[in-house]
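Here the structure comes first, spelled out in structure tokens, and everything after it is commentary.
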Amino acid sequence: MKKLYIKTYGCQMNVYDSARMADLLAPLGYAPVEAPDDADMVILNTCHIREKATEKVYSELGQLRVLKAARAEAGSPMLLAVAGCVAQAEGKEIIRRQPAVDVVVGPQSYHRLPEMIAKVAREARVELETDFPAEDKFDHLPEEHAPRGPAAFLTVQEGCDKFCTFCVVPYTRGAEFSRPVEQIAGEARRLLDSGTREITLLGQNVNAYHGEGPDGSRWSLAKLIRHLARVTGVERLRYTTSHPLDMSDDLIAAHREVEELMPFLHLPVQSGSDRLLRAMNRGHTRDDYLRIVERIRTSRPDIALSSDFIVGFPGETDTDFEATLELVRTVDFAQAFSFKYSARPGTPASAAPGQVAEDVKSERLQILQTLLIEQTRAFNRDCTDRVFPVLFEKPGRKQDQAVGRSPYLQPVHVDGAARLMGEIHPVRIAAVLPNSLRGVLADETAPRRERAFAT
């Protein structure tokens, strides 16, 4: 067997893509390993959302170049590939900056990896594939080779037609594309047959899903969720990442009516300032977002919300930033991700006037993150003494300890639970730790689903 090492940067979709690349290369004799040192092939599956992530890739390539040279001297050649969004955006630049790279392949073309590897071996030249192919890559991928574990990702939609002015996704992932319902259901069944209990449906704009159903009509994400819950036997469903414009009535209703759909929603807003939302081309206002939140919470009172925020977007004033803080205080998020604006080449915002100074970005980010962390801690404290069904996913650091996820996606450490790996079991939350919760096994008769935050 040959050894394959894949390092994944960025979003959950990259995690899914890395697993599918491993499936694709398994028939060629490649088996995954945990380190690059003795790998016959190394793939960096990259993210282009922020400049820092891109530079990390080039730094990693510099280290791998040395490793590749040492292996060549020892008579053990190593293939080096760059995949993902940096590959799509900077294909020729990668080859120019790091000649040790053998393969550069974009996220829509990785189904061609076996062919590209064969050409490298046959013709001893770099293979570059960053086109948007006419064929659907999912039609060319093999069935899943290895079990994904108790919780797994499943891509249902790719690309984005929104063209937010700060975002590279439309340029690196292309236009919106939704997989057919039966193709998704078949993959879901195979995941469940291999031991998966929870599936997260992925898409750059997942709630814009419009795949072809068995009846030939276009199905919404809500209809897909209801179908998967009914026909596959999945015990838990999640989806990410969503856009407020596509938060439809039937999807909001699904949160109330589909028991398998977890009470947790990631709904990025980016800013609380209407002026900046227009500059970002988000297509919604601050009040639009707040009304959506109100409708969601009316439909599912115990739901927890998460979001994304950008500080220091071009032209952001103190007043704009205060509007973001006020929105955060109004919504009260259970979790959130916040970042300094990072200009991505080719996006409209990168050339916009009013670029904000780096020290101002840093100061604002610290203020925002302090508020968001306070909200997360308060949400976690409110979970103390409640009983939640926890899906145990992996061993903990201690003997006989297991780590799982609550319905609200919180990591929960439980002693004496190693025997329950892969199972869902009621757990009473005993303590709040800095980055997780500590629980104790509860009685089996405890409710599997508690509407913990109903109002």
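As shown in the structure tokens, the chain order sets the letters A, B, ...; within each chain, residues go from 1, and ligands are also counted from 1 in the order they appear.
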
* Shell around Leu80 (chain A) at 7 Å using only C-alpha atoms, local window under 6 positions removed, as JSON, numbers by chain -> {"A": [41, 42, 43, 101, 102, 103]}

Can those selected residues be exported to a file as a compact mmCIF listing (two decimals), in the first residue's frame so that it contains C-alpha atoms?
# COMPACT_ATOMS: atom_id res chain seq x y z
CA MET A 41 1.59 11.50 -1.65
CA VAL A 42 0.74 14.68 0.24
CA ILE A 43 -2.33 16.79 -0.58
CA VAL A 101 4.40 20.92 -6.49
CA ASP A 102 3.37 18.15 -8.91
CA VAL A 103 -0.41 18.61 -9.05

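The residue set within 12 Å of Tyr16 (chain A), counting only C-alpha atoms and dropping same-chain residues fewer than 6 places from it, reads Ile6, Thr8, Tyr9, Gly10, Ala22, Asp23, Asn45, Gly84, Pro107, Glu144, Arg148, Ala151, Ala152, Phe153, Leu154, Thr155, Val156, Glu158, Ile199, Thr200, Leu201, Leu202 and Gly203 of chain A.
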
* For region 163-178 of chain A, please output as a ChimeraX atom specification all residues within 8 Å (counting only C-alpha atoms; exclusion window: fewer than 6 positions along the same chain). => /A:48-49,85-86,88-89,106-108,132,156-157,204-205,209-212,279-282,343-344,346-350

Residues of the last selection are to be written out with N, CA and C atoms, as a PDB file, in the first residue's frame.
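And here is the file that came out, selection_21.pdb:
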ATOM      1  N   HIS A  48      -9.219  29.756   0.739  1.00  0.00           N
ATOM      2  CA  HIS A  48      -8.786  31.063   0.214  1.00  0.00           C
ATOM      3  C   HIS A  48      -9.563  32.220   0.845  1.00  0.00           C
ATOM      4  N   ILE A  49     -10.291  31.950   1.919  1.00  0.00           N
ATOM      5  CA  ILE A  49     -11.158  32.973   2.489  1.00  0.00           C
ATOM      6  C   ILE A  49     -10.362  34.149   3.050  1.00  0.00           C
ATOM      7  N   CYS A  85      -9.498  25.744  -2.745  1.00  0.00           N
ATOM      8  CA  CYS A  85      -9.781  27.079  -3.273  1.00  0.00           C
ATOM      9  C   CYS A  85      -8.538  27.896  -3.587  1.00  0.00           C
ATOM     10  N   VAL A  86      -7.442  27.720  -2.848  1.00  0.00           N
ATOM     11  CA  VAL A  86      -6.204  28.404  -3.213  1.00  0.00           C
ATOM     12  C   VAL A  86      -5.703  27.868  -4.551  1.00  0.00           C
ATOM     13  N   GLN A  88      -7.568  26.769  -6.939  1.00  0.00           N
ATOM     14  CA  GLN A  88      -8.437  27.332  -7.972  1.00  0.00           C
ATOM     15  C   GLN A  88      -8.059  28.779  -8.277  1.00  0.00           C
ATOM     16  N   ALA A  89      -7.778  29.552  -7.226  1.00  0.00           N
ATOM     17  CA  ALA A  89      -7.541  30.984  -7.393  1.00  0.00           C
ATOM     18  C   ALA A  89      -6.127  31.310  -7.851  1.00  0.00           C
ATOM     19  N   GLY A 106      -8.387  22.260  -8.679  1.00  0.00           N
ATOM     20  CA  GLY A 106      -9.444  23.020  -8.027  1.00  0.00           C
ATOM     21  C   GLY A 106     -10.513  22.137  -7.419  1.00  0.00           C
ATOM     22  N   PRO A 107     -11.388  22.715  -6.616  1.00  0.00           N
ATOM     23  CA  PRO A 107     -12.381  21.917  -5.884  1.00  0.00           C
ATOM     24  C   PRO A 107     -13.448  21.281  -6.773  1.00  0.00           C
ATOM     25  N   GLN A 108     -13.601  21.756  -8.004  1.00  0.00           N
ATOM     26  CA  GLN A 108     -14.584  21.145  -8.896  1.00  0.00           C
ATOM     27  C   GLN A 108     -13.980  20.071  -9.791  1.00  0.00           C
ATOM     28  N   PHE A 132     -13.697  24.900 -14.627  1.00  0.00           N
ATOM     29  CA  PHE A 132     -14.963  24.431 -14.094  1.00  0.00           C
ATOM     30  C   PHE A 132     -15.520  23.433 -15.106  1.00  0.00           C
ATOM     31  N   VAL A 156     -24.393  18.689  -0.316  1.00  0.00           N
ATOM     32  CA  VAL A 156     -25.607  18.636  -1.131  1.00  0.00           C
ATOM     33  C   VAL A 156     -25.660  19.774  -2.140  1.00  0.00           C
ATOM     34  N   GLN A 157     -24.875  20.824  -1.896  1.00  0.00           N
ATOM     35  CA  GLN A 157     -24.923  22.001  -2.752  1.00  0.00           C
ATOM     36  C   GLN A 157     -23.542  22.631  -2.771  1.00  0.00           C
ATOM     37  N   GLN A 204     -22.071  25.827   0.224  1.00  0.00           N
ATOM     38  CA  GLN A 204     -21.646  27.215   0.419  1.00  0.00           C
ATOM     39  C   GLN A 204     -22.858  28.094   0.711  1.00  0.00           C
ATOM     40  N   ASN A 205     -23.986  27.746   0.129  1.00  0.00           N
ATOM     41  CA  ASN A 205     -25.242  28.450   0.345  1.00  0.00           C
ATOM     42  C   ASN A 205     -26.329  27.387   0.438  1.00  0.00           C
ATOM     43  N   TYR A 209     -30.533  25.296  -1.742  1.00  0.00           N
ATOM     44  CA  TYR A 209     -30.599  23.989  -2.413  1.00  0.00           C
ATOM     45  C   TYR A 209     -31.847  23.904  -3.295  1.00  0.00           C
ATOM     46  N   HIS A 210     -31.655  23.372  -4.513  1.00  0.00           N
ATOM     47  CA  HIS A 210     -32.773  23.213  -5.447  1.00  0.00           C
ATOM     48  C   HIS A 210     -32.521  21.994  -6.342  1.00  0.00           C
ATOM     49  N   GLY A 211     -32.203  20.867  -5.728  1.00  0.00           N
ATOM     50  CA  GLY A 211     -31.875  19.664  -6.481  1.00  0.00           C
ATOM     51  C   GLY A 211     -33.094  18.982  -7.068  1.00  0.00           C
ATOM     52  N   GLU A 212     -32.840  18.150  -8.061  1.00  0.00           N
ATOM     53  CA  GLU A 212     -33.915  17.423  -8.725  1.00  0.00           C
ATOM     54  C   GLU A 212     -34.396  16.267  -7.849  1.00  0.00           C
ATOM     55  N   ALA A 279     -23.030  47.736   1.142  1.00  0.00           N
ATOM     56  CA  ALA A 279     -21.697  47.710   0.532  1.00  0.00           C
ATOM     57  C   ALA A 279     -21.200  46.282   0.344  1.00  0.00           C
ATOM     58  N   MET A 280     -21.621  45.396   1.218  1.00  0.00           N
ATOM     59  CA  MET A 280     -21.248  43.982   1.112  1.00  0.00           C
ATOM     60  C   MET A 280     -22.095  43.227   0.078  1.00  0.00           C
ATOM     61  N   ASN A 281     -23.165  43.866  -0.404  1.00  0.00           N
ATOM     62  CA  ASN A 281     -24.101  43.229  -1.341  1.00  0.00           C
ATOM     63  C   ASN A 281     -24.779  42.012  -0.709  1.00  0.00           C
ATOM     64  N   ARG A 282     -25.168  42.156   0.545  1.00  0.00           N
ATOM     65  CA  ARG A 282     -25.780  41.039   1.244  1.00  0.00           C
ATOM     66  C   ARG A 282     -27.243  40.834   0.845  1.00  0.00           C
ATOM     67  N   ALA A 343      -8.706  41.471   2.616  1.00  0.00           N
ATOM     68  CA  ALA A 343      -8.935  41.759   1.197  1.00  0.00           C
ATOM     69  C   ALA A 343      -8.495  40.582   0.344  1.00  0.00           C
ATOM     70  N   ARG A 344      -9.400  40.038  -0.440  1.00  0.00           N
ATOM     71  CA  ARG A 344      -9.079  38.940  -1.333  1.00  0.00           C
ATOM     72  C   ARG A 344      -8.979  39.475  -2.743  1.00  0.00           C
ATOM     73  N   GLY A 346      -9.233  40.359  -6.472  1.00  0.00           N
ATOM     74  CA  GLY A 346     -10.280  40.115  -7.453  1.00  0.00           C
ATOM     75  C   GLY A 346     -11.682  40.390  -6.957  1.00  0.00           C
ATOM     76  N   THR A 347     -11.849  40.559  -5.650  1.00  0.00           N
ATOM     77  CA  THR A 347     -13.184  40.863  -5.125  1.00  0.00           C
ATOM     78  C   THR A 347     -13.396  42.377  -5.138  1.00  0.00           C
ATOM     79  N   PRO A 348     -14.623  42.853  -5.330  1.00  0.00           N
ATOM     80  CA  PRO A 348     -14.863  44.297  -5.389  1.00  0.00           C
ATOM     81  C   PRO A 348     -14.399  45.052  -4.147  1.00  0.00           C
ATOM     82  N   ALA A 349     -14.571  44.453  -2.969  1.00  0.00           N
ATOM     83  CA  ALA A 349     -14.212  45.161  -1.741  1.00  0.00           C
ATOM     84  C   ALA A 349     -12.715  45.399  -1.619  1.00  0.00           C
ATOM     85  N   SER A 350     -11.903  44.572  -2.290  1.00  0.00           N
ATOM     86  CA  SER A 350     -10.447  44.718  -2.165  1.00  0.00           C
ATOM     87  C   SER A 350      -9.959  46.036  -2.754  1.00  0.00           C
TER      88      SER A 350
END

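Excluding Leu28 (chain A) itself and any same-chain residue fewer than 3 positions from it, the protein and nucleic acid residues within 9 Å of it, counting only C-alpha atoms, are Met1, Lys2, Leu24, Leu25 and Pro114 of chain A.
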
* Any chance you could list, as JSON, numbers by chain, the residues in region 82-148 of chain A that come up strand (DSSP E) when DSSP is run on the backbone? => {"A": [82, 83, 84, 103, 104, 105, 127, 128, 129]}

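Nearest to Pro244 (chain A) of all the residues A:Asp385, A:Asp308, A:Glu187, A:Glu260 is A:Asp308, based on only C-alpha atoms.
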
Val440 (chain A): which residues within 8 Å, counting only C-alpha atoms, same-chain residues fewer than 5 positions away excluded, as an mmCIF file with N, CA and C atoms, in the first residue's frame?
data_model
loop_
_atom_site.group_PDB
_atom_site.id
_atom_site.type_symbol
_atom_site.label_atom_id
_atom_site.label_comp_id
_atom_site.auth_asym_id
_atom_site.auth_seq_id
_atom_site.Cartn_x
_atom_site.Cartn_y
_atom_site.Cartn_z
ATOM 1 N N VAL A 414 -17.376 13.042 29.045
ATOM 2 C CA VAL A 414 -18.077 12.209 30.025
ATOM 3 C C VAL A 414 -17.177 11.046 30.434
ATOM 4 N N ASP A 415 -16.912 10.901 31.720
ATOM 5 C CA ASP A 415 -16.142 9.765 32.226
ATOM 6 C C ASP A 415 -17.009 8.509 32.220
ATOM 7 N N VAL A 427 -27.249 12.641 28.903
ATOM 8 C CA VAL A 427 -26.149 13.116 29.746
ATOM 9 C C VAL A 427 -26.616 14.357 30.497
ATOM 10 N N ARG A 428 -26.338 14.375 31.786
ATOM 11 C CA ARG A 428 -26.629 15.566 32.586
ATOM 12 C C ARG A 428 -25.380 16.447 32.608
ATOM 13 N N ILE A 429 -25.545 17.711 32.267
ATOM 14 C CA ILE A 429 -24.414 18.637 32.222
ATOM 15 C C ILE A 429 -24.054 19.038 33.648
ATOM 16 N N ALA A 430 -22.818 18.733 34.053
ATOM 17 C CA ALA A 430 -22.387 18.947 35.433
ATOM 18 C C ALA A 430 -21.562 20.216 35.611
#

* List every residue of region 74-227 of chain A that DSSP, applied to the backbone, labels as alpha helix (DSSP H), and write the result as a PyMOL selection string. => chain A and resi 85-97+113-123+169-172+181-193+221-227

How about saving the chosen residues, C-alpha atoms kept, as a compact mmCIF listing (two decimals), in the first residue's frame?
# COMPACT_ATOMS: atom_id res chain seq x y z
CA CYS A 85 -9.78 27.08 -3.27
CA VAL A 86 -6.20 28.40 -3.21
CA ALA A 87 -5.45 25.99 -6.04
CA GLN A 88 -8.44 27.33 -7.97
CA ALA A 89 -7.54 30.98 -7.39
CA GLU A 90 -3.75 30.86 -7.69
CA GLY A 91 -2.97 27.80 -9.81
CA LYS A 92 -0.09 29.12 -11.92
CA GLU A 93 1.20 31.28 -9.07
CA ILE A 94 1.54 28.15 -6.89
CA ILE A 95 3.66 26.49 -9.56
CA ARG A 96 5.78 29.63 -9.93
CA ARG A 97 6.34 30.07 -6.19
CA LEU A 113 -6.88 13.17 -9.61
CA PRO A 114 -6.19 9.56 -10.73
CA GLU A 115 -5.74 10.72 -14.32
CA MET A 116 -3.53 13.63 -13.26
CA ILE A 117 -1.33 11.37 -11.11
CA ALA A 118 -0.90 8.99 -14.03
CA LYS A 119 0.17 11.87 -16.29
CA VAL A 120 2.72 13.10 -13.74
CA ALA A 121 4.24 9.61 -13.60
CA ARG A 122 4.15 9.19 -17.38
CA GLU A 123 5.23 12.62 -18.56
CA VAL A 169 -16.53 31.64 -3.25
CA PRO A 170 -18.28 32.46 -6.56
CA TYR A 171 -14.84 32.59 -8.20
CA THR A 172 -13.34 29.48 -6.58
CA VAL A 181 -32.11 14.01 -4.18
CA GLU A 182 -31.63 10.31 -4.87
CA GLN A 183 -27.85 10.70 -5.17
CA ILE A 184 -27.80 12.40 -1.76
CA ALA A 185 -30.14 9.82 -0.20
CA GLY A 186 -27.97 6.98 -1.51
CA GLU A 187 -24.85 8.49 0.05
CA ALA A 188 -26.74 9.08 3.30
CA ARG A 189 -27.83 5.42 3.43
CA ARG A 190 -24.25 4.24 2.90
CA LEU A 191 -23.05 6.51 5.71
CA LEU A 192 -25.71 5.15 8.05
CA ASP A 193 -24.87 1.55 7.09
CA LEU A 221 -33.71 22.06 1.38
CA ALA A 222 -36.70 21.65 3.69
CA LYS A 223 -38.20 18.97 1.45
CA LEU A 224 -34.81 17.21 1.23
CA ILE A 225 -34.50 17.24 5.05
CA ARG A 226 -37.97 15.75 5.49
CA HIS A 227 -37.17 13.07 2.90

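Close contacts of Met262 (chain A), defined as residues with an atom at most 7 Å away when counting only C-alpha atoms, with chain neighbours fewer than 2 positions off set aside, comprise Arg236, Leu237, Arg238, Glu260, Phe264 and Pro407 of chain A.
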
Output of the above residues as a PDB file, in the first residue's frame, restricted to N, CA and C atoms:
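So the final result, stored in part_10.pdb, reads:
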ATOM      1  N   ARG A 236     -29.952  12.155  13.505  1.00  0.00           N
ATOM      2  CA  ARG A 236     -29.719  13.587  13.666  1.00  0.00           C
ATOM      3  C   ARG A 236     -29.378  14.201  12.313  1.00  0.00           C
ATOM      4  N   LEU A 237     -29.918  15.395  12.075  1.00  0.00           N
ATOM      5  CA  LEU A 237     -29.598  16.153  10.876  1.00  0.00           C
ATOM      6  C   LEU A 237     -29.230  17.586  11.263  1.00  0.00           C
ATOM      7  N   ARG A 238     -28.258  18.118  10.557  1.00  0.00           N
ATOM      8  CA  ARG A 238     -27.887  19.524  10.647  1.00  0.00           C
ATOM      9  C   ARG A 238     -27.641  20.027   9.226  1.00  0.00           C
ATOM     10  N   GLU A 260     -35.656  15.074  13.892  1.00  0.00           N
ATOM     11  CA  GLU A 260     -34.248  14.739  13.651  1.00  0.00           C
ATOM     12  C   GLU A 260     -33.397  15.988  13.389  1.00  0.00           C
ATOM     13  N   PHE A 264     -30.160  23.888  16.284  1.00  0.00           N
ATOM     14  CA  PHE A 264     -28.972  24.742  16.187  1.00  0.00           C
ATOM     15  C   PHE A 264     -28.883  25.238  14.754  1.00  0.00           C
ATOM     16  N   PRO A 407     -27.086  18.460  21.303  1.00  0.00           N
ATOM     17  CA  PRO A 407     -27.874  18.967  20.171  1.00  0.00           C
ATOM     18  C   PRO A 407     -27.432  20.358  19.733  1.00  0.00           C
TER      19      PRO A 407
END

* Could you state the separation of CA of Val412 (chain A) and CA of Val258 (chain A) in Å, given to one decimal place? -> 24.1 Å

* **Exercise: Arg256 (chain A) partners within 8 Å, only C-alpha atoms, chain neighbours under 3 positions left out, as JSON, numbers by chain** => {"A": [252, 253, 259, 299, 300]}

* Asked: Hey, which of A:Ser307, A:Ser271, A:Thr285, A:Thr232 ends up closest to Leu245 (chain A)? Count only C-alpha atoms.
  -> A:Thr285

* With only C-alpha atoms as the atoms that count, which of A:Asp288, A:Ile367, A:Val360, A:Leu276 lies nearest to Leu325 (chain A)? ->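 Closest to Leu325 (chain A), using only C-alpha atoms: A:Ile367.
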